[in-house]
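Heads up, final_38.cif below (mmCIF, C-alpha atoms):
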data_model
loop_
_atom_site.label_atom_id
_atom_site.label_comp_id
_atom_site.auth_asym_id
_atom_site.auth_seq_id
_atom_site.Cartn_x
_atom_site.Cartn_y
_atom_site.Cartn_z
CA MET T 9 26.90 -53.29 26.40
CA ARG T 10 27.27 -49.90 24.78
CA LYS T 11 27.26 -51.46 21.32
CA ALA T 12 24.10 -53.39 22.08
CA ALA T 13 22.52 -50.29 23.54
CA ARG T 14 23.22 -48.40 20.33
CA ILE T 15 21.71 -51.18 18.21
CA MET T 16 18.63 -51.29 20.41
CA SER T 17 18.41 -47.52 20.21
CA LYS T 18 18.58 -47.64 16.41
CA LYS T 19 15.89 -50.30 16.27
CA SER T 20 13.77 -48.21 18.59
CA GLU T 21 14.33 -45.15 16.39
CA THR T 22 13.44 -47.16 13.28
CA ASN T 23 10.24 -48.43 14.85
CA HIS T 24 9.45 -44.93 16.03
CA LYS T 25 9.98 -43.56 12.53
CA TRP T 26 7.62 -46.14 11.06
CA LYS T 27 5.00 -45.16 13.59
CA VAL T 28 5.40 -41.45 12.95
CA THR T 29 5.55 -41.67 9.13
CA PRO T 30 1.77 -41.82 8.57
CA LEU T 31 1.36 -38.70 10.71
CA ILE T 32 4.10 -36.92 8.75
CA VAL T 33 2.45 -37.91 5.47
CA LEU T 34 -0.88 -36.61 6.72
CA LEU T 35 0.67 -33.30 7.78
CA LEU T 36 2.42 -32.97 4.41
CA LEU T 37 -0.84 -33.61 2.58
CA VAL T 38 -2.56 -30.94 4.66
CA ALA T 39 0.28 -28.48 4.01
CA VAL T 40 0.21 -29.16 0.27
CA SER T 41 -3.55 -28.70 0.18
CA PHE T 42 -3.14 -25.27 1.78
CA CYS T 43 -0.42 -24.33 -0.72
CA LYS T 44 -2.76 -25.16 -3.54
CA ILE T 45 -5.54 -22.87 -2.37
CA PRO T 46 -5.98 -20.44 -5.30
CA LEU T 47 -5.67 -16.71 -4.81
CA LYS T 48 -8.41 -16.17 -7.38
CA SER T 49 -12.02 -15.99 -6.46
CA ALA T 50 -14.22 -18.95 -7.35
CA LYS T 51 -15.78 -16.84 -10.06
CA ALA T 52 -12.43 -16.13 -11.66
CA GLU T 53 -11.29 -19.76 -11.32
CA GLU T 54 -14.37 -20.97 -13.19
CA GLY T 55 -13.76 -18.50 -16.00
CA GLY T 56 -17.03 -16.68 -15.35
CA ASN T 57 -17.94 -13.39 -16.94
CA TYR T 58 -16.94 -10.11 -15.31
CA PRO T 59 -17.31 -6.44 -16.29
CA PHE T 60 -15.38 -5.38 -19.40
CA GLN T 61 -13.95 -8.88 -19.75
CA LYS T 62 -13.31 -8.76 -23.49
CA GLN T 63 -11.54 -5.40 -23.38
CA LEU T 64 -9.43 -6.30 -20.37
CA GLU T 65 -8.31 -9.65 -21.77
CA GLN T 66 -7.32 -8.02 -25.05
CA ASP T 67 -5.42 -5.26 -23.26
CA PHE T 68 -3.56 -7.18 -20.52
CA ASN T 69 -1.57 -10.43 -20.52
CA LYS T 70 -3.72 -11.95 -17.79
CA VAL T 71 -6.77 -10.79 -15.85
CA THR T 72 -8.07 -12.12 -12.54
CA TYR T 73 -11.41 -10.87 -11.25
CA TYR T 74 -11.79 -11.32 -7.50
CA GLY T 75 -15.02 -9.42 -6.98
CA ASP T 76 -14.94 -9.12 -3.19
CA SER T 77 -13.46 -12.51 -2.25
CA GLU T 78 -9.93 -11.39 -1.36
CA ILE T 79 -8.76 -8.78 1.15
CA ILE T 80 -5.39 -7.11 0.56
CA LYS T 81 -2.82 -8.23 3.14
CA ASN T 82 -1.04 -5.63 5.27
CA LEU T 83 2.42 -6.89 4.35
CA GLU T 84 5.65 -5.21 5.40
CA ILE T 85 7.38 -3.02 2.80
CA GLU T 86 9.90 -0.15 3.04
CA ASP T 87 9.34 3.57 2.47
CA LYS T 88 11.74 6.07 0.86
CA ASN T 89 13.77 6.21 4.10
CA ARG T 90 13.97 2.41 4.19
CA GLU T 91 11.74 2.35 7.24
CA PRO T 92 9.32 -0.59 7.52
CA VAL T 93 5.67 0.25 6.85
CA LEU T 94 2.60 -1.84 6.16
CA LEU T 95 0.96 -2.07 2.75
CA LYS T 96 -2.47 -0.48 3.04
CA GLN T 97 -5.06 0.86 0.65
CA ASP T 98 -6.45 4.40 0.81
CA GLU T 99 -9.68 4.11 2.78
CA ASN T 100 -11.22 7.06 0.91
CA LYS T 101 -10.19 6.25 -2.65
CA LEU T 102 -9.90 3.45 -5.17
CA THR T 103 -6.31 2.21 -4.88
CA LEU T 104 -4.09 0.86 -7.65
CA ILE T 105 -1.11 -1.12 -6.35
CA ASN T 106 1.46 -1.32 -9.13
CA TYR T 107 4.28 -3.87 -8.74
CA TRP T 108 7.29 -3.02 -10.90
CA ALA T 109 11.03 -3.54 -11.37
CA SER T 110 13.89 -1.30 -12.47
CA TRP T 111 14.83 -3.69 -15.31
CA CYS T 112 11.25 -3.94 -16.63
CA VAL T 113 10.85 -2.01 -19.90
CA TYR T 114 7.06 -2.26 -19.85
CA CYS T 115 6.96 -0.91 -16.30
CA ASN T 116 8.89 2.13 -17.45
CA LEU T 117 6.45 2.64 -20.34
CA GLU T 118 3.50 2.37 -17.99
CA PHE T 119 4.66 4.93 -15.41
CA PRO T 120 3.71 8.11 -17.33
CA VAL T 121 0.31 6.62 -18.23
CA LEU T 122 -0.41 5.81 -14.60
CA GLU T 123 0.75 9.24 -13.46
CA GLU T 124 -1.55 10.88 -16.01
CA LEU T 125 -4.39 8.71 -14.69
CA SER T 126 -3.53 9.77 -11.14
CA LYS T 127 -3.62 13.47 -12.07
CA ASN T 128 -6.94 13.11 -13.88
CA HIS T 129 -8.51 11.34 -10.89
CA GLU T 130 -6.60 12.90 -8.01
CA LYS T 131 -9.66 12.99 -5.73
CA ASP T 132 -10.78 9.44 -6.46
CA ILE T 133 -7.74 7.27 -7.22
CA LYS T 134 -4.51 6.63 -5.32
CA ILE T 135 -1.63 4.79 -6.95
CA ILE T 136 0.89 2.92 -4.80
CA TYR T 137 4.09 1.72 -6.46
CA ILE T 138 6.02 -1.25 -5.06
CA GLY T 139 9.46 -2.05 -6.46
CA ASP T 140 10.98 -5.50 -6.92
CA THR T 141 14.33 -6.29 -5.26
CA LYS T 142 16.09 -8.21 -8.05
CA GLU T 143 18.62 -5.48 -8.92
CA GLY T 144 18.90 -4.00 -5.43
CA TYR T 145 17.80 -0.80 -3.75
CA LYS T 146 20.09 1.61 -5.63
CA SER T 147 18.71 0.50 -8.97
CA PHE T 148 15.17 0.79 -7.59
CA GLU T 149 15.84 4.30 -6.26
CA SER T 150 17.53 5.45 -9.47
CA MET T 151 14.62 4.30 -11.65
CA ALA T 152 12.08 5.87 -9.31
CA ILE T 153 13.83 9.24 -9.55
CA LYS T 154 14.31 8.95 -13.31
CA SER T 155 10.62 8.13 -13.79
CA ASN T 156 9.47 10.90 -11.44
CA LEU T 157 7.49 8.53 -9.27
CA PRO T 158 5.96 10.20 -6.20
CA GLN T 159 8.32 9.41 -3.33
CA HIS T 160 5.58 9.26 -0.70
CA ASP T 161 3.72 6.57 -2.68
CA ASN T 162 6.71 4.54 -3.86
CA PHE T 163 7.79 1.56 -1.75
CA TYR T 164 10.35 -1.23 -1.82
CA ASP T 165 9.46 -4.90 -1.37
CA SER T 166 12.65 -5.42 0.63
CA ARG T 167 11.78 -8.88 1.95
CA ASN T 168 9.72 -9.98 -1.04
CA PHE T 169 6.61 -10.38 1.11
CA VAL T 170 4.30 -8.95 -1.55
CA LYS T 171 5.92 -10.85 -4.39
CA LYS T 172 5.72 -14.17 -2.55
CA ARG T 173 2.23 -13.71 -1.11
CA TYR T 174 0.72 -12.92 -4.50
CA GLU T 175 3.07 -15.12 -6.54
CA ILE T 176 4.01 -12.25 -8.85
CA SER T 177 5.92 -13.47 -11.90
CA THR T 178 4.74 -11.01 -14.58
CA LEU T 179 5.69 -7.34 -14.52
CA PRO T 180 4.10 -4.96 -14.25
CA THR T 181 1.25 -6.38 -12.17
CA THR T 182 -1.44 -4.06 -10.84
CA PHE T 183 -4.10 -4.72 -8.21
CA ILE T 184 -7.26 -2.60 -8.12
CA VAL T 185 -8.38 -2.37 -4.50
CA SER T 186 -11.55 -0.89 -3.02
CA PRO T 187 -11.52 1.57 -0.09
CA GLU T 188 -12.61 -1.38 2.07
CA GLY T 189 -9.44 -3.27 1.14
CA LYS T 190 -11.07 -5.75 -1.24
CA ILE T 191 -9.04 -6.75 -4.28
CA ILE T 192 -11.32 -6.33 -7.30
CA TYR T 193 -8.95 -6.98 -10.20
CA ARG T 194 -5.43 -8.26 -10.74
CA LEU T 195 -4.08 -7.07 -14.11
CA GLU T 196 -0.80 -8.50 -15.39
CA GLY T 197 1.14 -6.71 -18.10
CA ASN T 198 1.12 -3.20 -19.51
CA GLY T 199 -2.39 -2.06 -20.45
CA ASP T 200 -3.98 1.13 -21.74
CA TRP T 201 -5.05 2.84 -18.53
CA ASN T 202 -6.38 5.90 -20.35
CA SER T 203 -8.64 4.06 -22.80
CA SER T 204 -12.36 4.84 -22.94
CA TYR T 205 -13.35 1.43 -21.54
CA MET T 206 -10.89 1.77 -18.65
CA GLU T 207 -12.30 5.19 -17.87
CA LYS T 208 -15.78 3.63 -17.64
CA LEU T 209 -14.54 0.70 -15.58
CA LEU T 210 -12.66 2.84 -13.07
CA GLY T 211 -15.53 5.30 -12.93
CA SER T 212 -17.95 2.51 -12.07
CA LEU T 213 -15.60 1.17 -9.39
CA ILE T 214 -15.23 4.62 -7.86
CA ASN T 215 -18.99 5.00 -7.68
CA ASN T 216 -19.89 1.46 -6.73
CA SER T 217 -16.91 0.19 -4.71
CA SER T 218 -16.35 -3.50 -5.54
CA THR T 219 -19.59 -4.10 -7.45
CA PRO T 220 -19.11 -2.67 -10.95
CA PRO T 221 -21.92 -2.84 -13.51
CA GLU T 222 -21.86 -5.18 -16.47
CA SER T 223 -20.10 -3.81 -19.55
#
Could I get this structure in the form of C-alpha coordinates?
Amino acid sequence: MRKAARIMSKKSETNHKWKVTPLIVLLLLVAVSFCKIPLKSAKAEEGGNYPFQKQLEQDFNKVTYYGDSEIIKNLEIEDKNREPVLLKQDENKLTLINYWASWCVYCNLEFPVLEELSKNHEKDIKIIYIGDTKEGYKSFESMAIKSNLPQHDNFYDSRNFVKKRYEISTLPTTFIVSPEGKIIYRLEGNGDWNSSYMEKLLGSLINNSSTPPES
(Lines of atoms letter the chains of each structure in order from A and count residues from 1; the text may use other names and numbers.)
(Lines give C-alpha, C1' and ligand atoms only; values in the text may rest on other atoms or scores of the structure.)
Protein backbone atom coordinates (compact mmCIF):
# COMPACT_ATOMS: atom_id res chain seq x y z
CA MET A 1 0.00 0.00 0.00
CA ARG A 2 2.83 2.36 0.83
CA LYS A 3 4.54 1.61 -2.48
CA ALA A 4 1.37 2.31 -4.40
CA ALA A 5 0.83 5.47 -2.42
CA ARG A 6 4.29 6.68 -3.36
CA ILE A 7 3.68 5.95 -7.05
CA MET A 8 0.35 7.75 -6.94
CA SER A 9 2.03 10.63 -5.15
CA LYS A 10 4.71 10.83 -7.85
CA LYS A 11 2.10 10.78 -10.59
CA SER A 12 0.21 13.50 -8.78
CA GLU A 13 3.41 15.54 -8.45
CA THR A 14 4.18 15.04 -12.14
CA ASN A 15 0.70 16.16 -13.16
CA HIS A 16 0.98 19.09 -10.80
CA LYS A 17 4.32 20.09 -12.31
CA TRP A 18 2.86 20.01 -15.82
CA LYS A 19 0.05 22.24 -14.67
CA VAL A 20 2.36 24.70 -12.95
CA THR A 21 5.00 24.84 -15.72
CA PRO A 22 3.17 27.40 -17.91
CA LEU A 23 2.84 29.69 -14.89
CA ILE A 24 6.54 29.29 -14.10
CA VAL A 25 7.44 30.06 -17.71
CA LEU A 26 5.25 33.15 -17.63
CA LEU A 27 6.86 34.35 -14.40
CA LEU A 28 10.34 33.74 -15.82
CA LEU A 29 9.49 35.72 -18.95
CA VAL A 30 8.23 38.60 -16.82
CA ALA A 31 11.39 38.48 -14.67
CA VAL A 32 13.65 38.43 -17.73
CA SER A 33 11.78 41.36 -19.24
CA PHE A 34 12.41 43.38 -16.08
CA CYS A 35 16.10 42.45 -16.12
CA LYS A 36 16.37 43.76 -19.64
CA ILE A 37 14.99 47.19 -18.83
CA PRO A 38 17.85 49.54 -19.81
CA LEU A 39 19.33 51.96 -17.32
CA LYS A 40 19.80 54.51 -20.09
CA SER A 41 17.19 57.02 -20.98
CA ALA A 42 15.25 56.49 -24.20
CA LYS A 43 17.18 59.37 -25.71
CA ALA A 44 20.51 57.74 -24.94
CA GLU A 45 19.31 54.32 -26.13
CA GLU A 46 18.33 55.76 -29.50
CA GLY A 47 21.72 57.41 -29.90
CA GLY A 48 20.21 60.90 -29.94
CA ASN A 49 22.25 64.06 -29.72
CA TYR A 50 23.14 65.55 -26.35
CA PRO A 51 25.23 68.54 -25.24
CA PHE A 52 28.96 68.31 -26.01
CA GLN A 53 28.46 64.85 -27.49
CA LYS A 54 31.48 64.89 -29.80
CA GLN A 55 33.90 66.08 -27.12
CA LEU A 56 32.60 63.66 -24.50
CA GLU A 57 32.73 60.63 -26.79
CA GLN A 58 36.29 61.47 -27.79
CA ASP A 59 37.34 61.96 -24.18
CA PHE A 60 35.65 59.01 -22.43
CA ASN A 61 35.34 55.31 -23.27
CA LYS A 62 31.56 55.41 -23.11
CA VAL A 63 28.99 58.13 -22.49
CA THR A 64 25.36 57.72 -21.43
CA TYR A 65 23.13 60.78 -21.36
CA TYR A 66 20.11 60.32 -19.11
CA GLY A 67 18.75 63.85 -19.18
CA ASP A 68 16.30 63.61 -16.29
CA SER A 69 14.98 60.07 -16.77
CA GLU A 70 16.86 58.35 -13.93
CA ILE A 71 16.94 59.16 -10.21
CA ILE A 72 20.00 58.10 -8.21
CA LYS A 73 19.17 55.26 -5.81
CA ASN A 74 19.86 55.68 -2.10
CA LEU A 75 21.90 52.50 -1.86
CA GLU A 76 23.75 51.38 1.26
CA ILE A 77 27.50 52.03 1.36
CA GLU A 78 30.04 52.34 4.22
CA ASP A 79 31.76 55.46 5.55
CA LYS A 80 35.34 55.77 6.84
CA ASN A 81 34.30 54.14 10.14
CA ARG A 82 32.68 51.26 8.25
CA GLU A 83 29.27 52.43 9.38
CA PRO A 84 26.40 51.95 6.90
CA VAL A 85 25.16 55.13 5.23
CA LEU A 86 22.97 55.81 2.22
CA LEU A 87 24.31 57.13 -1.07
CA LYS A 88 22.86 60.60 -1.56
CA GLN A 89 23.64 63.59 -3.71
CA ASP A 90 24.31 67.08 -2.33
CA GLU A 91 20.98 68.89 -2.55
CA ASN A 92 22.70 72.25 -2.99
CA LYS A 93 25.40 71.34 -5.49
CA LEU A 94 26.08 69.40 -8.66
CA THR A 95 27.37 66.00 -7.49
CA LEU A 96 29.96 63.80 -9.19
CA ILE A 97 29.87 60.19 -7.98
CA ASN A 98 33.18 58.57 -8.89
CA TYR A 99 33.38 54.76 -8.71
CA TRP A 100 36.96 53.53 -8.43
CA ALA A 101 39.19 50.63 -7.35
CA SER A 102 42.57 50.40 -5.64
CA TRP A 103 44.02 48.33 -8.51
CA CYS A 104 42.79 50.75 -11.20
CA VAL A 105 45.68 52.76 -12.68
CA TYR A 106 43.38 55.18 -14.49
CA CYS A 107 41.46 55.85 -11.29
CA ASN A 108 44.70 56.82 -9.60
CA LEU A 109 45.55 59.17 -12.49
CA GLU A 110 42.12 60.76 -12.30
CA PHE A 111 42.12 61.53 -8.56
CA PRO A 112 44.31 64.67 -8.64
CA VAL A 113 42.35 66.03 -11.63
CA LEU A 114 39.06 65.56 -9.81
CA GLU A 115 40.45 67.10 -6.63
CA GLU A 116 41.63 70.14 -8.60
CA LEU A 117 38.15 70.39 -10.11
CA SER A 118 36.64 70.19 -6.63
CA LYS A 119 38.86 73.01 -5.34
CA ASN A 120 38.08 75.22 -8.33
CA HIS A 121 34.32 74.71 -7.86
CA GLU A 122 34.10 74.22 -4.12
CA LYS A 123 30.82 76.14 -3.83
CA ASP A 124 29.12 74.44 -6.76
CA ILE A 125 30.42 70.87 -7.09
CA LYS A 126 30.65 68.00 -4.62
CA ILE A 127 32.61 64.86 -5.46
CA ILE A 128 31.72 61.56 -3.79
CA TYR A 129 34.16 58.67 -4.17
CA ILE A 130 32.97 55.07 -3.90
CA GLY A 131 35.54 52.27 -3.76
CA ASP A 132 35.20 48.80 -5.25
CA THR A 133 35.60 45.75 -2.98
CA LYS A 134 37.69 43.45 -5.20
CA GLU A 135 40.94 43.77 -3.21
CA GLY A 136 39.33 44.27 0.20
CA TYR A 137 38.96 47.15 2.61
CA LYS A 138 42.62 47.51 3.61
CA SER A 139 43.67 48.01 0.01
CA PHE A 140 40.83 50.51 -0.46
CA GLU A 141 41.83 52.42 2.68
CA SER A 142 45.53 52.43 1.77
CA MET A 143 44.89 53.83 -1.71
CA ALA A 144 42.51 56.46 -0.36
CA ILE A 145 45.16 57.70 2.08
CA LYS A 146 47.92 57.57 -0.54
CA SER A 147 45.79 59.55 -2.99
CA ASN A 148 44.73 62.10 -0.35
CA LEU A 149 41.05 61.53 -0.97
CA PRO A 150 38.78 63.45 1.41
CA GLN A 151 37.78 60.96 4.10
CA HIS A 152 34.33 62.46 4.65
CA ASP A 153 33.47 62.02 0.95
CA ASN A 154 35.08 58.62 0.38
CA PHE A 155 32.92 55.52 0.77
CA TYR A 156 33.19 51.76 0.38
CA ASP A 157 30.75 49.68 -1.68
CA SER A 158 30.95 46.91 0.91
CA ARG A 159 28.00 44.88 -0.40
CA ASN A 160 28.42 45.83 -4.05
CA PHE A 161 24.99 47.45 -4.14
CA VAL A 162 26.16 50.34 -6.32
CA LYS A 163 28.21 48.16 -8.62
CA LYS A 164 25.35 45.72 -9.18
CA ARG A 165 22.58 48.30 -9.49
CA TYR A 166 24.42 50.26 -12.17
CA GLU A 167 26.20 47.28 -13.74
CA ILE A 168 29.61 48.93 -13.42
CA SER A 169 32.27 47.07 -15.38
CA THR A 170 34.55 49.93 -16.50
CA LEU A 171 36.67 51.90 -14.05
CA PRO A 172 36.63 54.68 -13.30
CA THR A 173 32.93 55.40 -13.87
CA THR A 174 31.50 58.78 -12.90
CA PHE A 175 27.88 59.86 -12.58
CA ILE A 176 26.96 63.54 -12.81
CA VAL A 177 23.91 64.09 -10.62
CA SER A 178 21.74 67.19 -10.21
CA PRO A 179 20.80 68.63 -6.79
CA GLU A 180 17.38 67.03 -7.33
CA GLY A 181 19.00 63.59 -7.57
CA LYS A 182 18.62 63.18 -11.34
CA ILE A 183 21.45 61.39 -13.12
CA ILE A 184 22.43 63.57 -16.07
CA TYR A 185 25.51 61.77 -17.41
CA ARG A 186 27.32 58.50 -16.89
CA LEU A 187 30.95 58.77 -18.04
CA GLU A 188 33.07 55.63 -18.23
CA GLY A 189 36.85 55.86 -18.32
CA ASN A 190 39.37 58.55 -17.45
CA GLY A 191 38.53 61.88 -19.10
CA ASP A 192 39.93 65.40 -19.02
CA TRP A 193 37.84 67.03 -16.29
CA ASN A 194 39.71 70.33 -16.55
CA SER A 195 39.31 70.82 -20.31
CA SER A 196 37.65 73.95 -21.67
CA TYR A 197 34.60 72.03 -22.96
CA MET A 198 34.14 70.28 -19.61
CA GLU A 199 34.31 73.64 -17.85
CA LYS A 200 31.48 74.88 -20.10
CA LEU A 201 29.46 71.70 -19.65
CA LEU A 202 29.73 71.68 -15.86
CA GLY A 203 29.08 75.41 -15.74
CA SER A 204 25.89 74.98 -17.73
CA LEU A 205 24.77 72.12 -15.47
CA ILE A 206 25.44 74.18 -12.36
CA ASN A 207 23.34 77.02 -13.73
CA ASN A 208 20.61 74.99 -15.36
CA SER A 209 20.34 71.83 -13.26
CA SER A 210 19.61 68.87 -15.58
CA THR A 211 18.83 70.87 -18.72
CA PRO A 212 22.17 71.93 -20.23
CA PRO A 213 22.27 74.01 -23.41
CA GLU A 214 23.33 72.60 -26.76
CA SER A 215 27.07 72.70 -27.41
Could you list, with a cut-off of 12 Å and counting only C-alpha atoms, the residues of stretch 107-167 of chain T near stretch 176-188 of chain T, each shown with its nearest atom pair and the distance in Å rounded to one decimal, rows sorted by chain and ascending number, as a Markdown table?
| residue | atom | partner | partner_atom | distance |
| --- | --- | --- | --- | --- |
| T:Tyr107 | CA | T:Thr181 | CA | 5.2 |
| T:Trp108 | CA | T:Pro180 | CA | 5.0 |
| T:Ala109 | CA | T:Leu179 | CA | 7.3 |
| T:Ser110 | CA | T:Leu179 | CA | 10.4 |
| T:Trp111 | CA | T:Leu179 | CA | 9.9 |
| T:Cys112 | CA | T:Leu179 | CA | 6.9 |
| T:Val113 | CA | T:Leu179 | CA | 9.2 |
| T:Tyr114 | CA | T:Pro180 | CA | 6.9 |
| T:Cys115 | CA | T:Pro180 | CA | 5.4 |
| T:Asn116 | CA | T:Pro180 | CA | 9.1 |
| T:Leu117 | CA | T:Pro180 | CA | 10.0 |
| T:Glu118 | CA | T:Pro180 | CA | 8.3 |
| T:Phe119 | CA | T:Pro180 | CA | 10.0 |
| T:Leu122 | CA | T:Thr182 | CA | 10.6 |
| T:Asp132 | CA | T:Pro187 | CA | 10.2 |
| T:Ile133 | CA | T:Pro187 | CA | 9.9 |
| T:Lys134 | CA | T:Val185 | CA | 9.8 |
| T:Ile135 | CA | T:Ile184 | CA | 9.4 |
| T:Ile136 | CA | T:Thr182 | CA | 9.5 |
| T:Tyr137 | CA | T:Thr182 | CA | 9.1 |
| T:Ile138 | CA | T:Thr182 | CA | 9.8 |
| T:Gly139 | CA | T:Pro180 | CA | 9.9 |
| T:Asp140 | CA | T:Leu179 | CA | 9.4 |
| T:Asp165 | CA | T:Ile176 | CA | 11.8 |
Each side padded by 3 Å, which centre and which edge lengths in Å (one decimal) define the axis-aligned box around the listed atoms of stretch 179-192 of chain T? Give them as AutoDock Vina command-line options.
--center_x -3.5 --center_y -2.9 --center_z -6.2 --size_x 24.3 --size_y 14.9 --size_z 22.6
What does the distance between atom CA of T:Tyr74 and atom CA of T:Ile192 come to in Å, to one decimal place? 5.0 Å
The distance between atom CA of T:Phe68 and atom CA of T:Asp200 is 8.4 Å
Nearest to T:Asn202 by atom-to-atom distance, counting all atoms listed in the file, from T:Asp67, T:Tyr164, T:Tyr73, T:Ala152: T:Asp67
What does the distance from atom CA of T:Ile105 to atom CA of T:Gly189 come to in Å, to one decimal?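 So the two atoms, atom CA of T:Ile105 and atom CA of T:Gly189, lie 11.4 Å apart.
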Final N, CA and C atoms of stretch 158-180 of chain T as a PDB file, in the coordinates of the input:
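That gives us selection_7.pdb:
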ATOM      1  N   PRO T 158       6.141   9.477  -7.466  1.00  0.00           N
ATOM      2  CA  PRO T 158       5.960  10.200  -6.200  1.00  0.00           C
ATOM      3  C   PRO T 158       6.609   9.440  -5.044  1.00  0.00           C
ATOM      4  N   GLN T 159       7.541  10.088  -4.365  1.00  0.00           N
ATOM      5  CA  GLN T 159       8.320   9.410  -3.330  1.00  0.00           C
ATOM      6  C   GLN T 159       7.454   8.904  -2.184  1.00  0.00           C
ATOM      7  N   HIS T 160       6.410   9.644  -1.847  1.00  0.00           N
ATOM      8  CA  HIS T 160       5.580   9.260  -0.700  1.00  0.00           C
ATOM      9  C   HIS T 160       4.693   8.052  -1.011  1.00  0.00           C
ATOM     10  N   ASP T 161       4.544   7.720  -2.308  1.00  0.00           N
ATOM     11  CA  ASP T 161       3.720   6.570  -2.680  1.00  0.00           C
ATOM     12  C   ASP T 161       4.521   5.482  -3.384  1.00  0.00           C
ATOM     13  N   ASN T 162       5.833   5.530  -3.232  1.00  0.00           N
ATOM     14  CA  ASN T 162       6.710   4.540  -3.860  1.00  0.00           C
ATOM     15  C   ASN T 162       7.423   3.737  -2.778  1.00  0.00           C
ATOM     16  N   PHE T 163       7.271   2.413  -2.816  1.00  0.00           N
ATOM     17  CA  PHE T 163       7.790   1.560  -1.750  1.00  0.00           C
ATOM     18  C   PHE T 163       8.637   0.427  -2.323  1.00  0.00           C
ATOM     19  N   TYR T 164       9.391  -0.196  -1.429  1.00  0.00           N
ATOM     20  CA  TYR T 164      10.350  -1.230  -1.820  1.00  0.00           C
ATOM     21  C   TYR T 164       9.985  -2.543  -1.126  1.00  0.00           C
ATOM     22  N   ASP T 165       9.835  -3.584  -1.917  1.00  0.00           N
ATOM     23  CA  ASP T 165       9.460  -4.900  -1.370  1.00  0.00           C
ATOM     24  C   ASP T 165      10.717  -5.609  -0.866  1.00  0.00           C
ATOM     25  N   SER T 166      11.314  -5.024   0.168  1.00  0.00           N
ATOM     26  CA  SER T 166      12.650  -5.420   0.630  1.00  0.00           C
ATOM     27  C   SER T 166      12.774  -6.895   0.990  1.00  0.00           C
ATOM     28  N   ARG T 167      11.716  -7.475   1.529  1.00  0.00           N
ATOM     29  CA  ARG T 167      11.780  -8.880   1.950  1.00  0.00           C
ATOM     30  C   ARG T 167      10.903  -9.780   1.079  1.00  0.00           C
ATOM     31  N   ASN T 168      10.493  -9.224  -0.042  1.00  0.00           N
ATOM     32  CA  ASN T 168       9.720  -9.980  -1.040  1.00  0.00           C
ATOM     33  C   ASN T 168       8.395 -10.539  -0.494  1.00  0.00           C
ATOM     34  N   PHE T 169       7.865  -9.893   0.536  1.00  0.00           N
ATOM     35  CA  PHE T 169       6.610 -10.380   1.110  1.00  0.00           C
ATOM     36  C   PHE T 169       5.459 -10.279   0.115  1.00  0.00           C
ATOM     37  N   VAL T 170       5.389  -9.161  -0.594  1.00  0.00           N
ATOM     38  CA  VAL T 170       4.300  -8.950  -1.550  1.00  0.00           C
ATOM     39  C   VAL T 170       4.446  -9.903  -2.737  1.00  0.00           C
ATOM     40  N   LYS T 171       5.650  -9.987  -3.239  1.00  0.00           N
ATOM     41  CA  LYS T 171       5.920 -10.850  -4.390  1.00  0.00           C
ATOM     42  C   LYS T 171       5.581 -12.312  -4.100  1.00  0.00           C
ATOM     43  N   LYS T 172       5.970 -12.776  -2.920  1.00  0.00           N
ATOM     44  CA  LYS T 172       5.720 -14.170  -2.550  1.00  0.00           C
ATOM     45  C   LYS T 172       4.250 -14.419  -2.247  1.00  0.00           C
ATOM     46  N   ARG T 173       3.634 -13.504  -1.507  1.00  0.00           N
ATOM     47  CA  ARG T 173       2.230 -13.710  -1.110  1.00  0.00           C
ATOM     48  C   ARG T 173       1.316 -13.798  -2.328  1.00  0.00           C
ATOM     49  N   TYR T 174       1.586 -12.948  -3.321  1.00  0.00           N
ATOM     50  CA  TYR T 174       0.720 -12.920  -4.500  1.00  0.00           C
ATOM     51  C   TYR T 174       1.334 -13.594  -5.721  1.00  0.00           C
ATOM     52  N   GLU T 175       2.434 -14.305  -5.493  1.00  0.00           N
ATOM     53  CA  GLU T 175       3.070 -15.120  -6.540  1.00  0.00           C
ATOM     54  C   GLU T 175       3.232 -14.312  -7.833  1.00  0.00           C
ATOM     55  N   ILE T 176       3.849 -13.149  -7.709  1.00  0.00           N
ATOM     56  CA  ILE T 176       4.010 -12.250  -8.850  1.00  0.00           C
ATOM     57  C   ILE T 176       5.181 -12.719  -9.720  1.00  0.00           C
ATOM     58  N   SER T 177       4.884 -13.028 -10.964  1.00  0.00           N
ATOM     59  CA  SER T 177       5.920 -13.470 -11.900  1.00  0.00           C
ATOM     60  C   SER T 177       5.903 -12.655 -13.196  1.00  0.00           C
ATOM     61  N   THR T 178       4.860 -11.870 -13.406  1.00  0.00           N
ATOM     62  CA  THR T 178       4.740 -11.010 -14.580  1.00  0.00           C
ATOM     63  C   THR T 178       4.782  -9.559 -14.148  1.00  0.00           C
ATOM     64  N   LEU T 179       5.588  -8.763 -14.841  1.00  0.00           N
ATOM     65  CA  LEU T 179       5.690  -7.340 -14.520  1.00  0.00           C
ATOM     66  C   LEU T 179       5.374  -6.500 -15.754  1.00  0.00           C
ATOM     67  N   PRO T 180       4.688  -5.385 -15.535  1.00  0.00           N
ATOM     68  CA  PRO T 180       4.100  -4.960 -14.250  1.00  0.00           C
ATOM     69  C   PRO T 180       2.850  -5.784 -13.913  1.00  0.00           C
TER      70      PRO T 180
END
